[in-house]
>>> print(open('final-v2.cif').read())   # mmCIF, C-alpha atoms
data_target
#
loop_
_atom_site.label_atom_id
_atom_site.label_comp_id
_atom_site.auth_asym_id
_atom_site.auth_seq_id
_atom_site.Cartn_x
_atom_site.Cartn_y
_atom_site.Cartn_z
CA MET L 199 -14.04 29.46 -27.03
CA GLN L 200 -15.38 32.82 -25.88
CA SER L 201 -18.17 32.63 -23.33
CA PRO L 202 -21.36 34.48 -24.34
CA LEU L 203 -21.99 35.19 -20.64
CA PRO L 204 -19.97 37.81 -18.75
CA VAL L 205 -18.04 37.19 -15.56
CA ARG L 206 -20.42 37.36 -12.58
CA ASP L 207 -19.27 37.89 -9.00
CA GLY L 208 -15.71 37.38 -10.21
CA VAL L 209 -16.47 33.90 -11.62
CA ASN L 210 -16.66 32.77 -15.23
CA ALA L 211 -19.77 31.02 -16.50
CA THR L 212 -19.40 27.24 -16.69
CA ARG L 213 -19.21 25.66 -20.16
CA LEU L 214 -20.75 22.24 -20.74
CA ARG L 215 -20.41 20.08 -23.85
CA LEU L 216 -23.61 18.25 -24.72
CA PRO L 217 -23.25 14.69 -26.03
CA ASP L 218 -23.77 14.06 -29.74
CA GLU L 219 -26.23 11.28 -28.99
CA GLY L 220 -27.81 9.34 -26.16
CA PRO L 221 -31.15 8.48 -24.58
CA TRP L 222 -31.96 12.17 -23.99
CA ASP L 223 -34.29 14.11 -26.28
CA THR L 224 -33.64 17.57 -24.90
CA ALA L 225 -30.84 19.53 -23.26
CA ILE L 226 -32.77 19.68 -20.00
CA ASP L 227 -33.14 15.89 -20.04
CA TYR L 228 -29.36 15.56 -20.15
CA MET L 229 -28.79 18.09 -17.38
CA MET L 230 -31.37 16.33 -15.23
CA HIS L 231 -29.49 13.10 -15.84
CA ARG L 232 -26.25 14.73 -14.70
CA TRP L 233 -27.42 16.90 -11.80
CA GLY L 234 -31.13 16.30 -11.26
CA HIS L 235 -30.47 14.37 -8.06
CA ILE L 236 -28.88 17.52 -6.60
CA ASP L 237 -31.18 20.38 -7.60
CA PRO L 238 -33.93 19.45 -10.09
CA GLN L 239 -36.05 22.53 -9.35
CA GLY L 240 -33.05 24.79 -9.78
CA ILE L 241 -32.33 23.35 -13.23
CA GLU L 242 -35.91 23.85 -14.35
CA ASP L 243 -35.94 27.40 -13.00
CA ARG L 244 -32.78 28.28 -14.95
CA PHE L 245 -34.21 26.99 -18.21
CA ASP L 246 -37.47 28.86 -17.59
CA ALA L 247 -35.57 32.08 -16.85
CA GLY L 248 -33.39 31.79 -19.97
CA GLU L 249 -30.22 31.61 -17.84
CA ILE L 250 -28.77 28.66 -19.78
CA VAL L 251 -27.49 29.76 -23.19
CA GLY L 252 -25.81 28.39 -26.30
CA GLU L 253 -23.33 30.00 -28.69
CA GLY L 254 -24.10 33.64 -29.30
CA GLY L 255 -26.02 33.82 -26.03
CA VAL L 256 -29.15 32.10 -27.41
CA PRO L 257 -31.33 31.08 -24.42
CA LEU L 258 -32.37 27.44 -24.13
CA ASP L 259 -35.76 26.33 -22.86
CA ARG L 260 -37.27 23.02 -21.78
CA ALA L 261 -38.04 22.05 -25.38
CA THR L 262 -34.55 22.73 -26.81
CA LYS L 263 -33.40 19.57 -28.60
CA LEU L 264 -30.18 17.94 -27.48
CA GLU L 265 -28.72 18.13 -30.98
CA ASP L 266 -29.41 21.88 -31.31
CA HIS L 267 -26.25 22.82 -29.36
CA THR L 268 -22.78 21.43 -28.80
CA PHE L 269 -21.76 23.81 -26.00
CA ILE L 270 -23.93 25.56 -23.48
CA TRP L 271 -23.04 28.02 -20.70
CA TYR L 272 -24.59 28.70 -17.31
CA TYR L 273 -23.71 30.11 -13.89
CA ARG L 274 -23.12 27.62 -11.14
CA THR L 275 -24.80 28.05 -7.77
CA LEU L 276 -21.86 28.89 -5.54
CA PRO L 277 -21.77 27.36 -2.07
CA PRO L 278 -21.07 29.66 0.88
CA GLU L 279 -17.38 29.96 1.72
CA THR L 280 -15.63 31.02 4.90
CA ARG L 281 -13.15 33.80 4.19
CA MET L 282 -9.57 32.76 4.81
CA PRO L 283 -7.59 34.88 7.29
CA VAL L 284 -5.02 35.79 4.62
CA GLU L 285 -4.70 38.83 2.38
CA LEU L 286 -3.28 39.71 -1.04
CA SER L 287 -1.08 42.76 -1.51
CA ILE L 288 -0.50 44.61 -4.78
CA LEU L 289 3.12 45.04 -5.87
CA HIS L 290 2.51 46.67 -9.27
CA GLN L 291 -0.40 47.64 -11.49
CA ASP L 292 -0.55 49.25 -14.93
CA GLU L 293 -2.73 49.07 -18.04
CA HIS L 294 -1.31 45.67 -18.96
CA LEU L 295 -0.26 43.88 -15.78
CA LEU L 296 -1.16 43.31 -12.17
CA VAL L 297 1.50 41.86 -9.89
CA VAL L 298 0.52 40.69 -6.41
CA ASP L 299 1.92 38.89 -3.41
CA LYS L 300 -0.24 35.80 -3.01
CA PRO L 301 -0.39 34.47 0.55
CA HIS L 302 -0.07 30.86 1.55
CA PHE L 303 -3.31 28.78 1.50
CA LEU L 304 -5.10 30.93 -1.13
CA PRO L 305 -5.41 29.13 -4.50
CA THR L 306 -4.53 31.05 -7.66
CA THR L 307 -7.71 30.14 -9.55
CA PRO L 308 -11.16 28.89 -8.49
CA GLY L 309 -11.69 25.16 -8.26
CA GLY L 310 -13.17 22.52 -6.00
CA THR L 311 -14.30 24.06 -2.72
CA TYR L 312 -12.40 27.30 -3.36
CA ILE L 313 -14.30 29.70 -5.64
CA GLN L 314 -14.68 33.12 -4.06
CA GLU L 315 -11.69 32.25 -1.90
CA SER L 316 -9.19 32.26 -4.75
CA ALA L 317 -6.72 34.96 -5.70
CA LEU L 318 -8.30 35.50 -9.11
CA VAL L 319 -11.90 35.93 -7.90
CA ARG L 320 -10.89 38.09 -4.95
CA LEU L 321 -8.91 40.41 -7.23
CA ARG L 322 -11.59 40.57 -9.93
CA ASN L 323 -14.13 41.68 -7.35
CA GLN L 324 -11.83 43.96 -5.36
CA LEU L 325 -10.45 45.82 -8.38
CA GLU L 326 -13.50 45.49 -10.64
CA LEU L 327 -11.42 43.81 -13.35
CA PRO L 328 -13.59 41.01 -14.82
CA ASP L 329 -11.06 40.35 -17.62
CA LEU L 330 -8.24 39.62 -15.20
CA ILE L 331 -6.38 36.38 -16.04
CA PRO L 332 -3.31 34.83 -14.31
CA MET L 333 -0.22 34.39 -16.51
CA HIS L 334 1.01 31.46 -14.42
CA ARG L 335 0.01 29.64 -11.26
CA LEU L 336 1.30 29.16 -7.77
CA ASP L 337 0.27 26.14 -5.72
CA ARG L 338 -2.30 26.91 -3.04
CA MET L 339 0.31 26.30 -0.36
CA THR L 340 2.99 28.44 -2.05
CA ALA L 341 3.16 32.19 -1.44
CA GLY L 342 4.78 34.97 -3.43
CA VAL L 343 4.84 36.85 -6.70
CA LEU L 344 1.91 36.21 -9.03
CA LEU L 345 1.59 37.92 -12.42
CA LEU L 346 -1.83 38.59 -13.98
CA SER L 347 -2.92 40.17 -17.25
CA THR L 348 -5.36 43.09 -17.05
CA ASN L 349 -5.63 43.74 -20.80
CA PRO L 350 -6.98 41.11 -23.24
CA GLU L 351 -5.47 43.00 -26.19
CA THR L 352 -1.89 42.59 -24.94
CA ARG L 353 -2.30 39.31 -23.02
CA GLY L 354 -0.88 37.18 -25.81
CA LYS L 355 2.44 39.03 -25.75
CA TYR L 356 2.99 37.99 -22.14
CA GLN L 357 1.70 34.46 -22.66
CA VAL L 358 4.37 33.95 -25.33
CA LEU L 359 7.09 34.77 -22.77
CA PHE L 360 5.95 31.91 -20.55
CA GLU L 361 5.49 29.51 -23.47
CA LYS L 362 9.03 30.20 -24.70
CA ARG L 363 10.51 30.05 -21.17
CA GLN L 364 11.70 33.64 -21.37
CA VAL L 365 10.60 34.31 -17.79
CA GLN L 366 13.09 33.68 -14.98
CA LYS L 367 11.64 32.70 -11.62
CA GLU L 368 13.34 32.62 -8.24
CA TYR L 369 12.00 30.87 -5.16
CA GLU L 370 13.12 30.51 -1.57
CA CYS L 371 12.44 27.68 0.85
CA VAL L 372 13.38 26.51 4.31
CA SER L 373 14.54 22.95 4.83
CA ALA L 374 17.05 20.98 6.83
CA ALA L 375 20.61 22.23 6.51
CA ALA L 376 21.82 18.72 5.71
CA PRO L 377 20.14 15.74 3.99
CA ALA L 378 18.12 13.27 6.03
CA PRO L 379 19.83 10.02 7.08
CA GLY L 380 20.28 7.67 4.15
CA TYR L 381 20.77 10.46 1.60
CA PRO L 382 24.21 11.47 0.27
CA ALA L 383 25.77 14.82 1.11
CA VAL L 384 24.98 17.65 -1.31
CA GLU L 385 27.49 20.13 -2.65
CA PHE L 386 25.88 23.48 -3.39
CA PRO L 387 25.03 24.94 -5.76
CA ALA L 388 23.38 21.77 -7.02
CA VAL L 389 21.31 21.05 -10.12
CA VAL L 390 18.58 18.41 -9.99
CA ARG L 391 17.42 16.94 -13.30
CA ASN L 392 14.96 14.09 -13.66
CA ARG L 393 11.73 13.00 -15.30
CA MET L 394 8.53 13.84 -13.45
CA THR L 395 4.96 12.73 -14.02
CA LYS L 396 1.64 12.81 -12.20
CA SER L 397 1.16 9.86 -9.87
CA ARG L 398 -1.70 7.50 -10.72
CA SER L 399 -2.40 6.72 -7.09
CA TYR L 400 -2.92 10.25 -5.77
CA LEU L 401 -2.76 13.89 -6.78
CA LEU L 402 0.98 13.91 -6.43
CA ALA L 403 3.98 14.07 -8.72
CA GLU L 404 6.65 11.39 -8.86
CA VAL L 405 10.03 10.77 -10.43
CA ILE L 406 10.26 8.04 -13.06
CA ASP L 407 12.94 6.70 -15.37
CA GLY L 408 13.39 8.45 -18.69
CA GLU L 409 14.63 11.59 -20.40
CA PRO L 410 14.69 14.50 -17.89
CA ASN L 411 11.86 16.99 -18.25
CA ALA L 412 12.38 18.91 -14.99
CA GLU L 413 15.40 20.91 -13.84
CA THR L 414 16.09 23.07 -10.78
CA ARG L 415 19.22 24.88 -9.59
CA ILE L 416 19.48 24.92 -5.79
CA GLU L 417 21.73 27.15 -3.69
CA GLN L 418 22.05 27.24 0.08
CA LEU L 419 21.91 30.87 1.23
CA LYS L 420 22.36 30.55 5.00
CA ALA L 421 22.15 27.97 7.71
CA PHE L 422 20.77 28.61 11.18
CA ASP L 423 19.85 26.92 14.42
CA ALA L 424 17.05 27.72 16.87
CA GLY L 425 16.34 31.08 15.26
CA MET L 426 20.00 32.17 15.14
CA PRO L 427 21.64 32.63 11.67
CA ASP L 428 24.90 30.81 11.06
CA ALA L 429 27.91 33.14 11.15
CA GLY L 430 29.23 31.72 7.90
CA ASP L 431 25.98 32.52 6.06
CA GLY L 432 26.02 29.09 4.48
CA GLN L 433 29.54 29.44 3.08
CA PRO L 434 32.53 27.15 3.76
CA GLY L 435 34.15 28.00 7.06
CA GLY L 436 30.96 29.08 8.84
CA SER L 437 31.40 28.74 12.59
CA ARG L 438 28.29 26.61 13.26
CA LEU L 439 27.24 25.31 9.83
CA GLY L 440 27.57 21.70 10.83
CA ALA L 441 25.34 22.18 13.88
CA ALA L 442 22.56 24.13 12.11
CA ARG L 443 19.19 22.41 11.99
CA ARG L 444 17.77 24.34 9.05
CA ALA L 445 18.79 26.42 6.06
CA LEU L 446 17.37 28.94 3.62
CA TYR L 447 17.69 27.94 -0.04
CA ARG L 448 17.35 29.74 -3.34
CA LEU L 449 15.61 27.67 -6.03
CA GLU L 450 15.75 28.52 -9.72
CA PRO L 451 13.49 26.26 -11.79
CA ARG L 452 14.35 25.91 -15.47
CA THR L 453 11.06 24.07 -16.09
CA GLY L 454 7.60 24.29 -14.54
CA LYS L 455 6.30 20.85 -13.61
CA THR L 456 3.63 20.50 -10.93
CA HIS L 457 5.22 20.35 -7.46
CA GLN L 458 8.66 20.38 -9.10
CA LEU L 459 10.46 22.29 -6.34
CA ARG L 460 8.93 20.24 -3.57
CA VAL L 461 9.81 16.98 -5.30
CA HIS L 462 13.36 18.08 -6.13
CA MET L 463 14.11 19.19 -2.57
CA ALA L 464 12.65 15.96 -1.17
CA SER L 465 14.75 13.92 -3.62
CA LEU L 466 17.87 15.34 -1.95
CA GLY L 467 16.64 14.41 1.52
CA LEU L 468 15.77 18.08 2.12
CA GLY L 469 11.98 18.06 2.32
CA ILE L 470 10.59 21.58 2.70
CA VAL L 471 9.37 22.51 6.19
CA ASN L 472 5.60 21.94 6.66
CA ASP L 473 5.22 20.02 3.37
CA ALA L 474 2.34 17.57 3.87
CA PHE L 475 3.00 15.80 0.54
CA TYR L 476 6.73 15.24 0.13
CA PRO L 477 8.68 13.20 1.02
CA ASP L 478 5.78 11.56 2.89
CA LEU L 479 2.05 12.01 2.28
CA LEU L 480 0.46 12.97 5.58
CA ASP L 481 -3.19 12.46 6.50
CA LYS L 482 -5.38 15.32 5.29
CA ALA L 483 -5.99 17.83 8.05
CA PRO L 484 -7.57 21.29 8.29
CA ASP L 485 -5.31 24.14 7.22
CA ASP L 486 -3.01 25.27 10.01
CA TYR L 487 -2.40 28.93 9.26
CA ALA L 488 0.40 28.99 11.84
CA LYS L 489 2.37 26.42 9.84
CA PRO L 490 2.48 27.43 6.16
CA LEU L 491 4.59 25.54 3.66
CA GLN L 492 7.98 27.22 3.73
CA LEU L 493 8.12 27.93 0.01
CA LEU L 494 8.01 31.44 -1.44
CA ALA L 495 8.05 32.72 -5.04
CA ARG L 496 10.60 35.44 -4.33
CA GLY L 497 10.97 37.04 -7.74
CA ILE L 498 10.14 37.03 -11.43
CA ARG L 499 11.98 38.82 -14.23
CA PHE L 500 11.68 39.17 -18.00
CA VAL L 501 11.95 41.65 -20.83
CA ASP L 502 8.59 43.40 -20.99
CA PRO L 503 7.14 42.87 -24.49
CA ILE L 504 5.47 46.30 -24.46
CA SER L 505 8.23 48.57 -23.11
CA LYS L 506 11.06 46.30 -24.36
CA GLN L 507 12.79 46.94 -21.03
CA PRO L 508 13.94 44.32 -18.49
CA VAL L 509 11.66 44.25 -15.44
CA GLU L 510 11.78 42.41 -12.14
CA TYR L 511 9.15 42.04 -9.43
CA ARG L 512 10.11 40.90 -5.92
CA SER L 513 7.97 39.56 -3.12
CA GLU L 514 7.77 41.56 0.08
CA LEU L 515 6.77 38.48 2.08
CA GLU L 516 9.12 36.54 4.34
CA LEU L 517 9.11 32.87 5.26
CA SER L 518 8.18 32.52 8.92
CA GLU L 519 10.82 29.85 9.57
CA ALA L 520 13.68 31.61 7.74
CA HIS L 521 15.47 32.70 10.91
#
>>> encode(input="final-v2.cif", output="C-alpha cells")
Amino acid sequence: MQSPLPVRDGVNATRLRLPDEGPWDTAIDYMMHRWGHIDPQGIEDRFDAGEIVGEGGVPLDRATKLEDHTFIWYYRTLPPETRMPVELSILHQDEHLLVVDKPHFLPTTPGGTYIQESALVRLRNQLELPDLIPMHRLDRMTAGVLLLSTNPETRGKYQVLFEKRQVQKEYECVSAAAPAPGYPAVEFPAVVRNRMTKSRSYLLAEVIDGEPNAETRIEQLKAFDAGMPDAGDGQPGGSRLGAARRALYRLEPRTGKTHQLRVHMASLGLGIVNDAFYPDLLDKAPDDYAKPLQLLARGIRFVDPISKQPVEYRSELELSEAH
C-alpha cells in the first residue's frame, strides 16, 4: 500500500493498522493506549499539527473516530544514533540501478536501533534518492555487493529476477582449513542440502528434518597458515595444506534462507571466523570493528532485463583474515 507521506530524512513514514473494534472511541485513544506511556504530549502535538494521516493523506485530529480509518501513517521520532566508523562505496550507478559495497556492521535496511545508520537511509540521504529500494538484503555482519533499484518504473523487472532465482550470487568466507574435531573430513567442492527454519528459542536459524529447502555449493580456494598462503593453493599436493590453520572458501548459494551460509559452514565443522552465532551462540557484546565476520558477498550476476545483456558486479573489498 502506497504511503501518502513522502520519505523524510531517508526514512519511510510508519504505517499503523487501527483495530476494527475495542474500548477506544477515537484514533488518538488507541495511540495513547499503545504509546502514551512513552510520549503522550508528542502524540497530542502530532494530531494537533495534522502530522498523522489516513489514506489519501487526510489529516486526523483528536476527534477522529477509530472506525474512520483502517491504516494511518506518521513519522516516528528518531533517536540519536552514533555514526559507525564504516563507509559505503559505489560500484555502479545508472538510471535503473545502484550497486554498492556494503561494509560489515551496517544493516541493509532500517530497523531496531539502526535507522539513520543503515545502508538504505545513508544512501537515500547522500544521493538524494528517496525512492531507492534494495533488491535483496545482506546481513548486518556480512559485507559486499548490494543491489538497489533507483527507478520505481523498472523496479518490478529486477524483482522478478530474484523471485525466479535468475540471479547468481557468489560469496567468500574464511574458516578453518579442516573440520573441527568430531566432524567428518570434507571433499571439496561440496554441496550442502538440508531443511532450515527459524529457531523458536532465539533469532537464529536451525536445521531440522524434512525436505531440503536450502542448498549451497562450497569450494576451498586456498589454505594458509599464520598469514602465509599455502603453496598448493588449496589443491591436492599442496606443500603445507595439512598444516594450514585456515582457508578461503567460495560459497555459491542456490537458495536464500536467513543465515544459510553461516549455518551450512558450521554444519561441516567449519564455522566462519568471528561468527558470534554459529556454531555456538556467544554472549552479546559491543561491535568489535577490528573483528568483522569473515563473510563477503563477492559477486552478483544476471541478465539485465532492460539491456538484455549479461552483467556482473564484483566487490572491491577484501576479507581481513584471508591471508
>>> atom_distance(input="final-v2.cif", atom1="atom CA of Gly240 of chain L", atom2="atom CA of Asp266 of chain L")
22.0 Å
>>> closest_residue(input="final-v2.cif", among="L:Ala483, L:Ala445, L:Val471, L:Ile313", to="Leu276 of chain L", atoms="only C-alpha atoms")
L:Ile313
>>> atom_distance(input="final-v2.cif", atom1="atom CA of Glu249 of chain L", atom2="atom CA of Arg281 of chain L")
28.0 Å
>>> residues_around(input="final-v2.cif", residues="Glu285 of chain L", least_positions_apart="3", cutoff="12 Å", atoms="only C-alpha atoms", output="ChimeraX atom specification")
/L:281-282,288,298-305,315-317,320-321,324,341-342,515
>>> atom_distance(input="final-v2.cif", atom1="atom CA of Pro238 of chain L", atom2="atom CA of Thr307 of chain L")
28.3 Å
>>> closest_residue(input="final-v2.cif", among="L:Lys506, L:Arg391, L:Arg398, L:Arg448", to="Val461 of chain L", atoms="all atoms listed in the file")
L:Arg391
>>> axis_aligned_box(input="final-v2.cif", around="segment 444-451 of chain L", padding_each_side="5 Å", output="AutoDock Vina command-line options")
--center_x 16.1 --center_y 27.0 --center_z -1.4 --size_x 15.3 --size_y 15.4 --size_z 30.8
>>> residues_around(input="final-v2.cif", residues="segment 361-376 of chain L", least_positions_apart="3", cutoff="8 Å", atoms="only C-alpha atoms", output="PyMOL selection string")
chain L and resi 357-358+383-384+421-422+442-453+467-471+492-500+517+519-520
>>> residues_near_point(input="final-v2.cif", point="(2.6, 28.7, 12.4)", cutoff="10 Å", atoms="all atoms listed in the file", output="list in words")
Asn472, Asp486, Tyr487, Ala488, Lys489, Pro490, Leu491, Ser518 and Glu519 of chain L
>>> write_last_selection(input="final-v2.cif", atoms="C-alpha atoms", output="compact mmCIF listing (two decimals), in the coordinates of the input")
# COMPACT_ATOMS: atom_id res chain seq x y z
CA ASN L 472 5.60 21.94 6.66
CA ASP L 486 -3.01 25.27 10.01
CA TYR L 487 -2.40 28.93 9.26
CA ALA L 488 0.40 28.99 11.84
CA LYS L 489 2.37 26.42 9.84
CA PRO L 490 2.48 27.43 6.16
CA LEU L 491 4.59 25.54 3.66
CA SER L 518 8.18 32.52 8.92
CA GLU L 519 10.82 29.85 9.57
>>> residues_around(input="final-v2.cif", residues="segment 348-355 of chain L", least_positions_apart="6", cutoff="6 Å", atoms="only C-alpha atoms", output="list in words")
His294, Leu295 and Leu330 of chain L
>>> closest_residue(input="final-v2.cif", among="L:Pro277, L:Pro382, L:Ile416, L:Tyr356", to="Val501 of chain L", atoms="all atoms listed in the file")
L:Tyr356
>>> resolve_selection(input="final-v2.cif", expression="the PyMOL selection byres ((chain L and resi 413) around 9)", output="PyMOL selection string")
chain L and resi 389-393+410-412+414-415+450-454+458+462
>>> closest_residue(input="final-v2.cif", among="L:Thr395, L:Pro503, L:Val256, L:Leu466", to="Gly380 of chain L", atoms="only C-alpha atoms")
L:Leu466
>>> resolve_selection(input="final-v2.cif", expression="the PyMOL selection byres ((chain L and resi 222-237) around 9)", output="mmCIF file with C-alpha atoms, in the coordinates of the input")
data_model
loop_
_atom_site.group_PDB
_atom_site.id
_atom_site.type_symbol
_atom_site.label_atom_id
_atom_site.label_comp_id
_atom_site.auth_asym_id
_atom_site.auth_seq_id
_atom_site.Cartn_x
_atom_site.Cartn_y
_atom_site.Cartn_z
ATOM 1 C CA LEU L 216 -23.610 18.250 -24.720
ATOM 2 C CA PRO L 217 -23.250 14.690 -26.030
ATOM 3 C CA GLU L 219 -26.230 11.280 -28.990
ATOM 4 C CA GLY L 220 -27.810 9.340 -26.160
ATOM 5 C CA PRO L 221 -31.150 8.480 -24.580
ATOM 6 C CA PRO L 238 -33.930 19.450 -10.090
ATOM 7 C CA GLN L 239 -36.050 22.530 -9.350
ATOM 8 C CA GLY L 240 -33.050 24.790 -9.780
ATOM 9 C CA ILE L 241 -32.330 23.350 -13.230
ATOM 10 C CA GLU L 242 -35.910 23.850 -14.350
ATOM 11 C CA PHE L 245 -34.210 26.990 -18.210
ATOM 12 C CA LEU L 258 -32.370 27.440 -24.130
ATOM 13 C CA ASP L 259 -35.760 26.330 -22.860
ATOM 14 C CA ARG L 260 -37.270 23.020 -21.780
ATOM 15 C CA ALA L 261 -38.040 22.050 -25.380
ATOM 16 C CA THR L 262 -34.550 22.730 -26.810
ATOM 17 C CA LYS L 263 -33.400 19.570 -28.600
ATOM 18 C CA LEU L 264 -30.180 17.940 -27.480
ATOM 19 C CA GLU L 265 -28.720 18.130 -30.980
ATOM 20 C CA ASP L 266 -29.410 21.880 -31.310
ATOM 21 C CA HIS L 267 -26.250 22.820 -29.360
#
>>> closest_residue(input="final-v2.cif", among="L:Thr275, L:Thr306, L:Met394, L:Val319", to="Thr340 of chain L", atoms="all atoms listed in the file")
L:Thr306
>>> closest_residue(input="final-v2.cif", among="L:Glu417, L:Asp478, L:Glu514, L:Glu326", to="Val205 of chain L", atoms="only C-alpha atoms")
L:Glu326
>>> residues_around(input="final-v2.cif", residues="Ser201 of chain L", least_positions_apart="2", cutoff="10 Å", atoms="only C-alpha atoms", output="compact mmCIF listing (two decimals) with C-alpha atoms, keeping the file's coordinate frame")
# COMPACT_ATOMS: atom_id res chain seq x y z
CA MET L 199 -14.04 29.46 -27.03
CA LEU L 203 -21.99 35.19 -20.64
CA PRO L 204 -19.97 37.81 -18.75
CA VAL L 205 -18.04 37.19 -15.56
CA ASN L 210 -16.66 32.77 -15.23
CA ALA L 211 -19.77 31.02 -16.50
CA THR L 212 -19.40 27.24 -16.69
CA ARG L 213 -19.21 25.66 -20.16
CA VAL L 251 -27.49 29.76 -23.19
CA GLY L 252 -25.81 28.39 -26.30
CA GLU L 253 -23.33 30.00 -28.69
CA GLY L 254 -24.10 33.64 -29.30
CA GLY L 255 -26.02 33.82 -26.03
CA PHE L 269 -21.76 23.81 -26.00
CA ILE L 270 -23.93 25.56 -23.48
CA TRP L 271 -23.04 28.02 -20.70
CA TYR L 272 -24.59 28.70 -17.31
>>> decode(input="final-v2.cif", residues="segment 324-375 of chain L", atoms="C-alpha atoms", output="PDB file, in the first residue's frame")
ATOM      1  CA  GLN L 324      23.734  11.007   0.418  1.00  0.00           C
ATOM      2  CA  LEU L 325      22.470  10.651  -3.156  1.00  0.00           C
ATOM      3  CA  GLU L 326      19.112  12.391  -2.694  1.00  0.00           C
ATOM      4  CA  LEU L 327      17.252   9.312  -3.951  1.00  0.00           C
ATOM      5  CA  PRO L 328      14.129   8.945  -1.758  1.00  0.00           C
ATOM      6  CA  ASP L 329      12.733   6.159  -3.988  1.00  0.00           C
ATOM      7  CA  LEU L 330      15.776   3.955  -3.509  1.00  0.00           C
ATOM      8  CA  ILE L 331      14.850   0.361  -2.577  1.00  0.00           C
ATOM      9  CA  PRO L 332      17.164  -2.666  -2.016  1.00  0.00           C
ATOM     10  CA  MET L 333      16.589  -5.632  -4.341  1.00  0.00           C
ATOM     11  CA  HIS L 334      17.918  -8.088  -1.747  1.00  0.00           C
ATOM     12  CA  ARG L 335      19.481  -7.973   1.688  1.00  0.00           C
ATOM     13  CA  LEU L 336      22.804  -8.698   3.286  1.00  0.00           C
ATOM     14  CA  ASP L 337      23.042  -9.494   6.990  1.00  0.00           C
ATOM     15  CA  ARG L 338      24.351  -6.636   9.091  1.00  0.00           C
ATOM     16  CA  MET L 339      27.552  -8.569   9.726  1.00  0.00           C
ATOM     17  CA  THR L 340      28.072  -9.510   6.058  1.00  0.00           C
ATOM     18  CA  ALA L 341      29.887  -7.164   3.680  1.00  0.00           C
ATOM     19  CA  GLY L 342      29.889  -6.950  -0.093  1.00  0.00           C
ATOM     20  CA  VAL L 343      27.823  -6.327  -3.200  1.00  0.00           C
ATOM     21  CA  LEU L 344      24.357  -4.888  -2.610  1.00  0.00           C
ATOM     22  CA  LEU L 345      21.965  -4.116  -5.474  1.00  0.00           C
ATOM     23  CA  LEU L 346      19.343  -1.347  -5.165  1.00  0.00           C
ATOM     24  CA  SER L 347      16.662  -0.053  -7.510  1.00  0.00           C
ATOM     25  CA  THR L 348      16.683   3.681  -8.292  1.00  0.00           C
ATOM     26  CA  ASN L 349      13.669   3.692 -10.629  1.00  0.00           C
ATOM     27  CA  PRO L 350      10.171   2.655  -9.458  1.00  0.00           C
ATOM     28  CA  GLU L 351       9.035   2.232 -13.077  1.00  0.00           C
ATOM     29  CA  THR L 352      11.558  -0.534 -13.811  1.00  0.00           C
ATOM     30  CA  ARG L 353      11.877  -1.991 -10.291  1.00  0.00           C
ATOM     31  CA  GLY L 354       9.500  -4.866 -10.959  1.00  0.00           C
ATOM     32  CA  LYS L 355      11.668  -6.195 -13.791  1.00  0.00           C
ATOM     33  CA  TYR L 356      14.565  -6.692 -11.394  1.00  0.00           C
ATOM     34  CA  GLN L 357      12.390  -8.039  -8.590  1.00  0.00           C
ATOM     35  CA  VAL L 358      11.214 -10.810 -10.923  1.00  0.00           C
ATOM     36  CA  LEU L 359      14.829 -11.938 -11.412  1.00  0.00           C
ATOM     37  CA  PHE L 360      15.216 -12.529  -7.688  1.00  0.00           C
ATOM     38  CA  GLU L 361      11.798 -14.166  -7.344  1.00  0.00           C
ATOM     39  CA  LYS L 362      12.608 -16.610 -10.164  1.00  0.00           C
ATOM     40  CA  ARG L 363      16.157 -17.258  -8.865  1.00  0.00           C
ATOM     41  CA  GLN L 364      17.704 -15.917 -12.043  1.00  0.00           C
ATOM     42  CA  VAL L 365      20.392 -14.084 -10.077  1.00  0.00           C
ATOM     43  CA  GLN L 366      23.643 -15.910  -9.311  1.00  0.00           C
ATOM     44  CA  LYS L 367      25.447 -14.895  -6.134  1.00  0.00           C
ATOM     45  CA  GLU L 368      28.993 -15.684  -5.072  1.00  0.00           C
ATOM     46  CA  TYR L 369      30.370 -15.286  -1.563  1.00  0.00           C
ATOM     47  CA  GLU L 370      33.732 -15.787   0.086  1.00  0.00           C
ATOM     48  CA  CYS L 371      34.495 -16.674   3.678  1.00  0.00           C
ATOM     49  CA  VAL L 372      37.399 -17.574   5.910  1.00  0.00           C
ATOM     50  CA  SER L 373      37.187 -20.615   8.134  1.00  0.00           C
ATOM     51  CA  ALA L 374      39.335 -23.446   9.399  1.00  0.00           C
ATOM     52  CA  ALA L 375      41.088 -25.397   6.669  1.00  0.00           C
TER      53      ALA L 375
END
